[in-house]
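K.L.:
To be precise about what I am sending: the file is called run.txt and holds compact mmCIF, C-alpha atoms and all ligand atoms.
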```txt
# COMPACT_ATOMS: atom_id res chain seq x y z
CA MET A 1 165.87 149.85 147.45
CA ASP A 2 166.91 147.34 150.10
CA GLN A 3 163.87 145.32 151.27
CA GLN A 4 164.43 145.84 154.98
CA LYS A 5 164.83 149.59 154.49
CA LYS A 6 161.75 149.66 152.29
CA ASN A 7 159.67 147.93 154.96
CA GLU A 8 160.90 150.33 157.62
CA ILE A 9 160.06 153.37 155.48
CA PHE A 10 156.67 151.86 154.68
CA ASP A 11 155.91 151.35 158.39
CA HIS A 12 156.81 154.95 159.18
CA ALA A 13 154.80 156.32 156.27
CA LYS A 14 151.80 154.25 157.31
CA ALA A 15 151.97 155.38 160.94
CA TRP A 16 152.36 159.03 159.91
CA ILE A 17 149.55 159.03 157.35
CA LEU A 18 147.17 157.54 159.93
CA GLU A 19 148.28 160.08 162.53
CA ALA A 20 147.86 162.96 160.08
CA GLY A 21 144.42 161.64 159.15
CA GLU A 22 143.44 161.52 162.81
CA ARG A 23 144.47 165.17 163.25
CA ILE A 24 142.42 166.25 160.25
CA LYS A 25 139.41 164.27 161.41
CA SER A 26 139.56 165.69 164.92
CA LYS A 27 139.42 169.23 163.47
CA ILE A 28 136.93 168.59 160.68
CA ASP A 29 134.30 170.89 162.23
CA SER A 30 136.71 173.64 163.35
CA PRO A 31 136.49 177.06 161.68
CA ARG A 32 138.52 177.03 158.43
CA SER A 33 140.88 179.60 157.05
CA ILE A 34 140.36 179.32 153.29
CA GLU A 35 142.59 181.03 150.74
CA THR A 36 142.83 180.78 146.99
CA LYS A 37 145.94 180.02 144.94
CA SER A 38 146.17 179.98 141.13
CA ASN A 39 142.47 180.81 140.58
CA PRO A 40 139.33 181.48 142.69
CA ASN A 41 138.48 177.76 142.74
CA ASP A 42 141.98 176.56 143.68
CA LEU A 43 141.58 176.40 147.44
CA VAL A 44 144.03 175.91 150.28
CA THR A 45 143.33 175.79 154.01
CA GLU A 46 145.43 175.92 157.17
CA MET A 47 144.88 172.15 157.40
CA ASP A 48 146.60 171.51 154.03
CA GLN A 49 149.58 173.49 155.27
CA GLU A 50 149.69 172.02 158.79
CA THR A 51 149.48 168.50 157.41
CA GLU A 52 152.35 169.03 154.98
CA GLN A 53 154.41 170.60 157.78
CA PHE A 54 153.71 167.53 159.90
CA PHE A 55 155.16 165.26 157.19
CA ALA A 56 158.11 167.61 156.60
CA GLN A 57 158.99 167.47 160.28
CA LYS A 58 158.65 163.68 160.54
CA ILE A 59 160.73 163.06 157.41
CA ASN A 60 163.43 165.58 158.43
CA GLU A 61 163.73 164.11 161.91
CA THR A 62 163.85 160.51 160.77
CA TYR A 63 165.54 160.53 157.36
CA GLN A 64 167.95 163.45 156.95
CA ASP A 65 169.01 162.18 153.50
CA HIS A 66 165.47 161.96 152.08
CA TYR A 67 163.77 164.73 150.10
CA LEU A 68 160.19 165.98 150.20
CA LEU A 69 158.27 167.26 147.19
CA GLY A 70 155.05 168.68 148.63
CA GLU A 71 152.23 170.70 147.12
CA GLU A 72 152.25 173.44 149.74
CA GLY A 73 155.95 174.24 149.51
CA PHE A 74 157.25 173.00 152.88
CA GLY A 75 159.51 170.49 151.19
CA ASP A 76 162.66 170.77 149.12
CA GLU A 77 163.37 172.38 145.77
CA ILE A 78 163.49 169.20 143.67
CA GLU A 79 165.18 169.28 140.28
CA ASP A 80 165.57 165.54 139.76
CA LEU A 81 164.41 162.33 141.38
CA GLY A 82 167.81 161.15 142.63
CA GLY A 83 167.89 159.50 146.08
CA THR A 84 164.70 158.93 148.07
CA VAL A 85 161.92 161.43 147.42
CA TRP A 86 158.62 161.59 149.28
CA ILE A 87 155.98 163.13 147.02
CA VAL A 88 153.16 164.31 149.27
CA ASP A 89 149.73 165.81 148.72
CA PRO A 90 148.61 166.65 152.27
CA ILE A 91 144.96 166.99 151.24
CA ASP A 92 143.96 165.87 147.78
CA GLY A 93 140.45 167.12 147.12
CA THR A 94 140.61 170.34 149.13
CA MET A 95 137.38 171.56 147.54
CA ASN A 96 135.63 168.45 148.86
CA PHE A 97 137.32 168.94 152.23
CA VAL A 98 135.93 172.49 152.42
CA HIS A 99 132.48 171.93 150.92
CA GLN A 100 131.67 168.35 151.86
CA LYS A 101 133.97 167.48 154.78
CA ARG A 102 134.56 164.14 153.08
CA ASN A 103 135.83 162.62 149.81
CA PHE A 104 139.41 163.82 150.26
CA ALA A 105 142.63 161.92 150.81
CA ILE A 106 146.23 162.17 151.91
CA SER A 107 148.57 160.89 149.21
CA ILE A 108 152.20 159.79 149.63
CA GLY A 109 154.36 158.32 146.88
CA ILE A 110 157.93 157.34 147.78
CA TYR A 111 160.43 157.14 144.92
CA TYR A 112 163.96 155.78 144.95
CA GLU A 113 166.21 156.86 142.06
CA GLY A 114 163.08 157.79 140.11
CA VAL A 115 161.27 154.48 140.63
CA GLY A 116 158.00 154.39 142.57
CA GLU A 117 158.55 152.03 145.50
CA ILE A 118 155.77 152.81 147.98
CA GLY A 119 152.33 154.37 147.56
CA LEU A 120 149.78 155.24 150.25
CA ILE A 121 146.41 156.92 149.84
CA TYR A 122 144.29 157.52 152.92
CA ASN A 123 140.59 158.25 152.54
CA VAL A 124 140.47 160.09 155.84
CA MET A 125 136.76 160.24 156.70
CA GLU A 126 136.11 156.65 155.60
CA GLU A 127 139.27 155.45 157.37
CA THR A 128 140.29 153.47 154.30
CA LEU A 129 144.00 153.09 153.65
CA TYR A 130 145.21 151.99 150.22
CA THR A 131 148.83 150.86 150.10
CA ALA A 132 151.24 149.39 147.59
CA ARG A 133 154.86 148.34 147.53
CA ARG A 134 156.45 147.78 144.13
CA GLY A 135 156.31 144.10 143.22
CA GLU A 136 154.11 143.20 146.21
CA GLY A 137 150.61 144.07 145.05
CA ALA A 138 148.15 146.65 146.35
CA TYR A 139 145.98 146.60 149.44
CA LYS A 140 142.82 148.23 150.72
CA ASN A 141 143.34 148.15 154.48
CA GLU A 142 144.44 144.52 155.06
CA HIS A 143 142.69 143.17 151.98
CA LYS A 144 144.80 142.43 148.90
CA LEU A 145 143.27 143.89 145.74
CA PRO A 146 142.75 141.51 142.81
CA MET A 147 144.49 142.10 139.46
CA LEU A 148 142.60 144.07 136.82
CA ASP A 149 142.63 141.24 134.32
CA GLU A 150 138.95 141.22 133.39
CA GLU A 151 138.49 142.36 129.77
CA ARG A 152 135.59 144.80 129.92
CA PRO A 153 134.57 146.61 126.72
CA LEU A 154 134.49 150.40 126.65
CA SER A 155 130.71 150.28 126.23
CA GLU A 156 130.47 148.70 129.70
CA SER A 157 133.16 150.84 131.31
CA ILE A 158 132.92 153.71 133.78
CA LEU A 159 135.57 156.39 133.33
CA ALA A 160 136.38 159.14 135.81
CA LEU A 161 136.89 162.46 134.09
CA ASN A 162 136.42 166.14 134.55
CA THR A 163 133.63 167.32 132.26
CA SER A 164 135.34 170.68 131.65
CA TRP A 165 137.47 168.89 129.00
CA MET A 166 134.36 168.53 126.85
CA ILE A 167 133.88 172.29 126.53
CA PRO A 168 135.09 173.46 123.08
CA GLU A 169 137.19 176.30 124.58
CA ASN A 170 139.20 173.99 126.80
CA PRO A 171 142.90 174.42 126.01
CA HIS A 172 143.97 170.78 126.22
CA VAL A 173 141.94 168.34 124.15
CA GLU A 174 139.64 168.29 121.12
CA HIS A 175 136.14 168.30 122.55
CA GLN A 176 134.60 166.19 119.76
CA GLY A 177 136.76 163.19 120.65
CA MET A 178 135.81 163.57 124.30
CA GLN A 179 132.11 163.73 123.43
CA ASP A 180 132.44 160.59 121.31
CA LEU A 181 134.20 158.89 124.21
CA VAL A 182 131.44 159.81 126.66
CA LYS A 183 128.82 158.51 124.23
CA LYS A 184 130.68 155.22 123.90
CA LEU A 185 131.15 154.65 127.66
CA ARG A 186 128.63 153.15 130.04
CA SER A 187 129.04 156.26 132.20
CA THR A 188 131.39 158.79 133.75
CA ARG A 189 132.16 159.83 137.32
CA SER A 190 133.98 162.81 138.81
CA TYR A 191 135.00 162.45 142.44
CA GLY A 192 137.12 165.59 142.83
CA SER A 193 140.16 163.84 144.28
CA ALA A 194 142.68 162.44 141.84
CA ALA A 195 144.19 160.22 144.54
CA LEU A 196 140.82 158.62 145.27
CA GLU A 197 140.14 158.23 141.56
CA PHE A 198 143.39 156.25 141.23
CA ALA A 199 142.48 154.20 144.29
CA PHE A 200 139.05 153.42 142.81
CA VAL A 201 140.66 152.35 139.51
CA ALA A 202 142.99 150.06 141.48
CA GLU A 203 140.00 148.68 143.34
CA GLY A 204 138.07 148.07 140.11
CA LEU A 205 135.25 150.49 141.01
CA LEU A 206 136.24 152.61 138.04
CA ASP A 207 137.61 151.22 134.78
CA GLY A 208 139.78 154.24 134.16
CA TYR A 209 140.64 157.84 135.00
CA LEU A 210 141.49 160.43 132.36
CA THR A 211 142.65 163.94 133.21
CA MET A 212 144.47 166.79 131.51
CA THR A 213 146.31 168.62 134.29
CA LEU A 214 147.81 166.72 137.18
CA MET A 215 150.79 167.64 139.30
CA PRO A 216 153.26 165.02 140.59
CA TRP A 217 151.69 164.90 144.08
CA ASP A 218 148.26 164.14 142.57
CA TYR A 219 149.38 160.84 141.06
CA ALA A 220 152.73 159.85 142.65
CA ALA A 221 151.04 157.30 144.93
CA GLY A 222 148.08 156.46 142.70
CA SER A 223 150.21 155.41 139.74
CA ILE A 224 152.09 152.90 141.93
CA LEU A 225 148.83 151.50 143.25
CA VAL A 226 147.23 151.07 139.81
CA ARG A 227 150.36 149.50 138.30
CA GLU A 228 150.54 146.99 141.16
CA VAL A 229 147.18 145.54 140.11
CA GLY A 230 148.17 145.38 136.44
CA GLY A 231 146.64 148.66 135.29
CA ILE A 232 148.37 150.96 132.80
CA VAL A 233 149.31 154.53 133.75
CA THR A 234 150.76 156.92 131.16
CA ARG A 235 150.22 160.39 129.79
CA ALA A 236 147.00 160.67 127.79
CA ASP A 237 149.06 160.25 124.59
CA ARG A 238 150.55 157.01 126.03
CA GLU A 239 153.98 158.58 126.57
CA GLU A 240 155.77 157.99 129.86
CA LEU A 241 154.79 160.29 132.75
CA ASP A 242 157.11 163.12 133.69
CA LEU A 243 157.06 163.21 137.49
CA LEU A 244 158.45 166.71 137.81
CA ASN A 245 155.93 168.64 135.74
CA LYS A 246 152.24 169.14 135.11
CA THR A 247 150.90 166.39 132.87
CA THR A 248 147.93 164.65 131.31
CA VAL A 249 147.24 161.18 132.75
CA LEU A 250 145.35 158.11 131.59
CA ALA A 251 145.14 155.26 134.13
CA SER A 252 142.98 152.27 133.29
CA ARG A 253 142.43 148.59 132.95
CA PRO A 254 144.85 147.25 130.36
CA ASN A 255 142.28 146.34 127.69
CA ILE A 256 140.79 149.83 127.21
CA HIS A 257 143.92 151.96 127.57
CA GLU A 258 145.03 152.07 123.95
CA GLU A 259 141.49 152.35 122.64
CA ILE A 260 140.79 155.46 124.75
CA SER A 261 144.09 157.09 123.94
CA THR A 262 144.36 156.46 120.22
CA GLY A 263 140.65 156.28 119.41
CA TYR A 264 139.32 159.33 121.25
CA VAL A 265 141.87 161.57 122.94
CA ARG A 266 143.22 164.15 120.51
CA LEU A 267 145.40 166.57 122.43
CA LYS A 268 145.64 170.17 121.24
CA LYS A 269 149.22 171.09 120.41
C1 LIG B 1 143.01 168.47 142.84
C2 LIG B 1 142.12 167.26 142.84
C3 LIG B 1 141.19 167.28 141.65
C4 LIG B 1 141.96 167.39 140.34
C5 LIG B 1 142.84 168.62 140.36
C6 LIG B 1 143.79 168.57 141.56
P1 LIG B 1 143.89 169.40 145.24
O1 LIG B 1 143.93 168.43 143.93
O2 LIG B 1 142.89 166.06 142.79
O3 LIG B 1 140.41 166.11 141.59
O4 LIG B 1 141.04 167.48 139.27
O5 LIG B 1 143.59 168.66 139.15
O6 LIG B 1 144.57 169.75 141.58
O7 LIG B 1 144.14 170.79 144.75
O8 LIG B 1 142.57 169.24 145.86
O9 LIG B 1 145.01 168.87 146.04
CA CA B 2 145.95 167.29 144.61
CA CA B 3 146.32 169.26 147.77
```
Translate the structure described by the file into structure tokens.

P.N.:
Amino acid sequence: MDQQKKNEIFDHAKAWILEAGERIKSKIDSPRSIETKSNPNDLVTEMDQETEQFFAQKINETYQDHYLLGEEGFGDEIEDLGGTVWIVDPIDGTMNFVHQKRNFAISIGIYYEGVGEIGLIYNVMEETLYTARRGEGAYKNEHKLPMLDEERPLSESILALNTSWMIPENPHVEHQGMQDLVKKLRSTRSYGSAALEFAFVAEGLLDGYLTMTLMPWDYAAGSILVREVGGIVTRADREELDLLNKTTVLASRPNIHEEISTGYVRLKK
């Protein structure tokens, strides 16, 4: 992607994500219309939908040749990542949005010919904007994030994960390996927003994030951010991510990535 074009797109995305955040914040105490999607705990509100529509309108008006892949379905039917594709999660952490009125984010990853060029994650209530441009490092507001080059052993690491993967009946991963992993770690955290979990890995607050079922909009921005500070982002079996389908994800500091994946994570076939 041409540098000047990339900067222009970045500036627009940044202005729009801040504007969308402002709208959400101004209505945080308004009555909510809450519906469920794939299961009773998969929530969606009018604010998720309005926010995605806001991005759809801005992108359509400004860049007629760009595509939008959005969680709530106001974008395009995407079958490949040709051209410029905005991958948007209008509210990541909807359950937190509904129950806590905080700890949620807007996530935008912008891909050109399948390559992640721009990532933005906005922690709306804390007014913290994480940004990254490929090859230019990652930022928390105006502050450049340091590289993740410290070698920290697993026994001193904090890993974000969803504890449901430790239940024997879970369909994705052998629970014994997950229990061994938890025993080995210093501790675990579960923030309820994949985008924020990626941002915290990039910031070095978490040493890694392991999850079994993410959609493209959950990690499109976060993977760019973590890679820009030298972190590794792959599927949990260390294969390359498939940005068009549901996937497992392991994002971490470089020195613990292989150990977690090959030493503990045994995916069910
Ligand atoms: C969810 C959150 C959550 C993750 C789920 C996602 P949503 O996104 O990121 O942390 O565990 O897999 O679906 O539904 O709040 O946008
Ligand atoms: Ca999400
Ligand atoms: Ca969402």

K.L.:
Which polymer residues have any atom within 8 Å of an atom of segment 151-165 of chain A, counting all atoms listed in the file, with same-chain residues fewer than 3 positions away left out, as number ranges by chain?

P.N.:
A: 168, 170, 172-173, 175, 178, 184-191, 197, 206-212, 255-256

K.L.:
Can you list, as a list in words, every protein, DNA or RNA residue that comes within 10 Å of Asp242 of chain A when you count all atoms listed in the file, leaving out same-chain residues fewer than 6 positions away?

P.N.:
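Counting all atoms listed in the file, the residues come to Met215, Pro216, Thr234, Arg235 and Thr248 of chain A.
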
K.L.:
Residues within 8 Å of ligand CA 3 (chain B) (only C-alpha atoms and all ligand atoms), as a PyMOL selection string?

P.N.:
chain A and resi 44+48+71-72+89-94+217-218

K.L.:
Between A:Val265, A:Gln49, A:Lys144, A:Leu68, single out the one closest to Val182 of chain A, counting only C-alpha atoms.

P.N.:
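Going through A:Val265, A:Gln49, A:Lys144, A:Leu68 one by one, the smallest distance to Val182 of chain A is for A:Val265.
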
K.L.:
Between atom CA of Phe54 of chain A and atom CA of Lys14 of chain A, what distance in Å does the model show, to one decimal?

P.N.:
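According to the coordinates, atom CA of Phe54 of chain A and atom CA of Lys14 of chain A are separated by 13.7 Å.
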
K.L.:
For the atom pair atom CA of Tyr67 of chain A and atom C5 of ligand LIG 1 (chain B), what is the interatomic distance in Å to one decimal place?

P.N.:
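Value for the atom CA of Tyr67 of chain A-atom C5 of ligand LIG 1 (chain B) distance: 23.4 Å.
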
K.L.:
Using only C-alpha atoms for the distances, tell me which of A:Lys268, A:Arg227, A:Lys183, A:Arg133 is nearest to Ala199 of chain A.

P.N.:
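That would be A:Arg227, the residue with the smallest distance to Ala199 of chain A.
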
K.L.:
Smallest atom-to-atom distance to Val85 of chain A: which of A:Glu19, A:Glu136, A:Glu126, A:Glu117, using only C-alpha atoms?

P.N.:
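Closest candidate: A:Glu117.
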
K.L.:
Any idea what the distance is between atom CA of Val88 of chain A and atom CA of Leu241 of chain A?

P.N.:
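Atom CA of Val88 of chain A sits 17.1 Å away from atom CA of Leu241 of chain A.
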
K.L.:
When distances are computed from only C-alpha atoms, which of A:Ala220, A:Ile17, A:Leu205, A:Ile232 shows the smallest separation from Trp86 of chain A?

P.N.:
A:Ala220

K.L.:
From the list A:Ile87, A:Ile108, A:Leu181, A:Ala20, which residue is nearest Ala132 of chain A when using all atoms listed in the file?

P.N.:
A:Ile108

K.L.:
Using all atoms listed in the file, which protein or nucleic acid residues come within 12 Å of Ile110 of chain A? Drop anything in the same chain fewer than 3 positions from it, and give the result as JSON, numbers by chain.

P.N.:
{"A": [1, 6, 7, 9, 10, 12, 13, 14, 59, 66, 67, 68, 69, 70, 81, 82, 83, 84, 85, 86, 87, 88, 89, 107, 113, 114, 115, 116, 117, 118, 119, 120, 121, 131, 132, 133, 134, 216, 217, 219, 220, 221, 222, 223, 224, 225, 243]}

K.L.:
Pull C-alpha atoms from the residues just selected and write them as a short mmCIF file (atom, residue, chain, number, x, y, z; two decimals), keeping the file's coordinate frame.

P.N.:
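Once written, out.cif looks like this:
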```
data_model
loop_
_atom_site.label_atom_id
_atom_site.label_comp_id
_atom_site.auth_asym_id
_atom_site.auth_seq_id
_atom_site.Cartn_x
_atom_site.Cartn_y
_atom_site.Cartn_z
CA MET A 1 165.87 149.85 147.45
CA LYS A 6 161.75 149.66 152.29
CA ASN A 7 159.67 147.93 154.96
CA ILE A 9 160.06 153.37 155.48
CA PHE A 10 156.67 151.86 154.68
CA HIS A 12 156.81 154.95 159.18
CA ALA A 13 154.80 156.32 156.27
CA LYS A 14 151.80 154.25 157.31
CA ILE A 59 160.73 163.06 157.41
CA HIS A 66 165.47 161.96 152.08
CA TYR A 67 163.77 164.73 150.10
CA LEU A 68 160.19 165.98 150.20
CA LEU A 69 158.27 167.26 147.19
CA GLY A 70 155.05 168.68 148.63
CA LEU A 81 164.41 162.33 141.38
CA GLY A 82 167.81 161.15 142.63
CA GLY A 83 167.89 159.50 146.08
CA THR A 84 164.70 158.93 148.07
CA VAL A 85 161.92 161.43 147.42
CA TRP A 86 158.62 161.59 149.28
CA ILE A 87 155.98 163.13 147.02
CA VAL A 88 153.16 164.31 149.27
CA ASP A 89 149.73 165.81 148.72
CA SER A 107 148.57 160.89 149.21
CA GLU A 113 166.21 156.86 142.06
CA GLY A 114 163.08 157.79 140.11
CA VAL A 115 161.27 154.48 140.63
CA GLY A 116 158.00 154.39 142.57
CA GLU A 117 158.55 152.03 145.50
CA ILE A 118 155.77 152.81 147.98
CA GLY A 119 152.33 154.37 147.56
CA LEU A 120 149.78 155.24 150.25
CA ILE A 121 146.41 156.92 149.84
CA THR A 131 148.83 150.86 150.10
CA ALA A 132 151.24 149.39 147.59
CA ARG A 133 154.86 148.34 147.53
CA ARG A 134 156.45 147.78 144.13
CA PRO A 216 153.26 165.02 140.59
CA TRP A 217 151.69 164.90 144.08
CA TYR A 219 149.38 160.84 141.06
CA ALA A 220 152.73 159.85 142.65
CA ALA A 221 151.04 157.30 144.93
CA GLY A 222 148.08 156.46 142.70
CA SER A 223 150.21 155.41 139.74
CA ILE A 224 152.09 152.90 141.93
CA LEU A 225 148.83 151.50 143.25
CA LEU A 243 157.06 163.21 137.49
#
```
